[in-house]
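Chemist: Take this structure first; my questions come after.
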Amino acid sequence: MVCCIGRLTWSPATGRAPQDRATLTGSVITAAPSADADAYIPAMALTCTDILTQTPQGLCCPIGGFHIDPVRPVERALITHGHSDHARAGHGAVLATRETLAIMAERYGEGFAGSAEAARLGEERRIGEVTVRFVPAGHVLGSAQIVIEAGGCRIVVSGDYKREADPTCLPFELVPCDVFITEATFGLPVFRHPEARSEVQKLLESVALFPERAHLVGVYALGKAQRVMALIREAGYDRPIYLHGALERLTELYKSEGVDLGETPKATGARKSELGGAIVLAPPSATQDLWSRRLPDPVTAFASGWMRVRARARQKGVELPLVISDHADWEDLCRTIAETGAGEVWVTHGQEDALVHWCRTQGLEARPLHMLGYGDEEEGDLGASSRPEHPPDAESRDRVEADPAEDSLEGA
């Protein structure tokens, strides 16, 4: 598809799009006089992808004057969701869903950006010379795809997403488009996720089989922890679910948004004898350190799409791998691309090359972006120690000892 818009090029010197040098006339952008003539290419017919470009900061819309999920501070950022590889502090202005802004404020403090504005899902707004709207991505609470339109072309930036139902967030909304920009965290045919509910049932069956042992489940602090808790509750488990301190604040935020997670006391407030037969959730980094060894003979589990790779589970000492992912698997990545009807696909991060190859076999234009700074936070948390080991004191022989490091969101 061809769009009748002028092209404003990216200015490496300023890190901004020179949008103030153009005015809108009908559907054609014409140049205003400027001393910096080489920053502008005269009005011409362009393809859809000229609306969005790749820069060192991340994806940029020059004619809108904003970046999407930038990895460095910029003047104006549109944020898809609250995971730290997509949502960073220090931007001049941030536009995101209300829930994502709340998550960023919880993680970084109220002053995480110069200004912040909440975007209502489905509401169109004009930014520069493009129309933008946010639609649900189904990844975590508040996650959204960003739809950009100009000159009759529509681009969808998916951010991270999944197609499986999740009781803690709105489901993925399919948006037909000309260009679909997708992740590929699990972009290999080997990654086919089972139903999350069946994996949770495996956990509950193990709890029933070993009533004297604690079940320690490694979960990422934002999204995965709350989804696992909600699925456990859906399955009828009504006992307390104990939490590592690193999971508390975001869990309380989810509860404040109306997500029913039941009773979730802090694990350090329970005696060791109380934790036999209990489910305890912690960051993956905490499952192999001193903190975990104070639980009664724990069964170590880990909830992640990476648990499809059994060698990784064995390497990290995971006794009960739970294949639960907040990312689309291979089949859902391919299905989503086909259902959007996009003629062109960009792949931002993950297993880009395999997904690009599949797209080309389907007759689609596709290219990998190989964007740096993005990836699965869970993988980075797997296997890292959350704190130095130290000898237990007398009290910790009977009680799981509190640790200041639990207050960090990453448990590290």
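Going through the structure tokens in order, the chains are called A, B, and so on, while each chain numbers its residues from 1 and the ligands are numbered from 1 in the order shown.
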I'd like a table as JSON lines: residues in range 56-169 of chain A with an atom no more than 9 Å from range 333-356 of chain A, each row giving the shortest atom pair and its distance in Å to one decimal, only C-alpha atoms counted, sorted by chain and rising residue number.
Modeler:
{"residue": "A:Ile155", "atom": "CA", "partner": "A:Ala342", "partner_atom": "CA", "distance": 8.8}
{"residue": "A:Gly159", "atom": "CA", "partner": "A:Thr348", "partner_atom": "CA", "distance": 8.8}
{"residue": "A:Lys162", "atom": "CA", "partner": "A:Leu333", "partner_atom": "CA", "distance": 8.5}
{"residue": "A:Arg163", "atom": "CA", "partner": "A:Thr336", "partner_atom": "CA", "distance": 8.5}
Chemist: Mind dumping the selected residues with N, CA and C atoms as a tab-separated table (two decimals), in the first residue's frame?
Modeler:
chain	number	residue	atom	x	y	z
A	155	ILE	N	-0.35	0.54	11.07
A	155	ILE	CA	0.73	-0.26	11.64
A	155	ILE	C	0.33	-0.64	13.07
A	159	GLY	N	4.06	-5.00	21.00
A	159	GLY	CA	4.71	-5.19	22.28
A	159	GLY	C	4.80	-6.68	22.54
A	162	LYS	N	0.15	-12.44	24.34
A	162	LYS	CA	-0.21	-13.86	24.29
A	162	LYS	C	-1.67	-13.96	23.89
A	163	ARG	N	-2.06	-15.13	23.38
A	163	ARG	CA	-3.44	-15.36	22.95
A	163	ARG	C	-4.23	-16.18	23.96
Chemist: Taking a cut-off of 12 Å and counting only C-alpha atoms, can you build a table that, for each residue of range 169-267 of chain A near range 290-293 of chain A, reports the nearest atom pair and how far apart they are in Å (one decimal), sorted by chain then residue number, as CSV?
Modeler:
residue,atom,partner,partner_atom,distance
A:Arg213,CA,A:Arg293,CA,12.0
A:Ala214,CA,A:Ser292,CA,9.8
A:His215,CA,A:Ser292,CA,10.2
A:Leu216,CA,A:Ser292,CA,7.7
A:Val217,CA,A:Ser292,CA,10.4
A:Gly218,CA,A:Ser292,CA,10.6
A:Leu243,CA,A:Ser292,CA,11.8
A:His244,CA,A:Trp291,CA,9.2
A:Gly245,CA,A:Trp291,CA,11.1
A:Ala267,CA,A:Trp291,CA,10.1
Chemist: Just list as a list in words whatever in range 256-320 of chain A DSSP marks as strand (DSSP E).
Modeler: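 Answer for range 256-320 of chain A, restricted to strand (DSSP E): Ile279, Val280, Leu281, Ala282, Val299, Thr300, Ala301, Phe302, Ala303 and Leu320 of chain A.
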Chemist: Would you kindly return, as a PyMOL selection string, each protein, DNA or RNA residue with an atom no farther than 6 Å from any atom of range 96-107 of chain A, considering only C-alpha atoms and excluding same-chain residues fewer than 2 positions away?
Modeler: chain A and resi 78-79+81-82+109-110+118-119+142
Chemist: Between A:Tyr220, A:Phe302, A:Phe66, A:Tyr161, which one has atoms that come closest to Glu173 in chain A, using only C-alpha atoms?
Modeler: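 Among A:Tyr220, A:Phe302, A:Phe66, A:Tyr161, it is A:Tyr161 that comes nearest to Glu173 in chain A.
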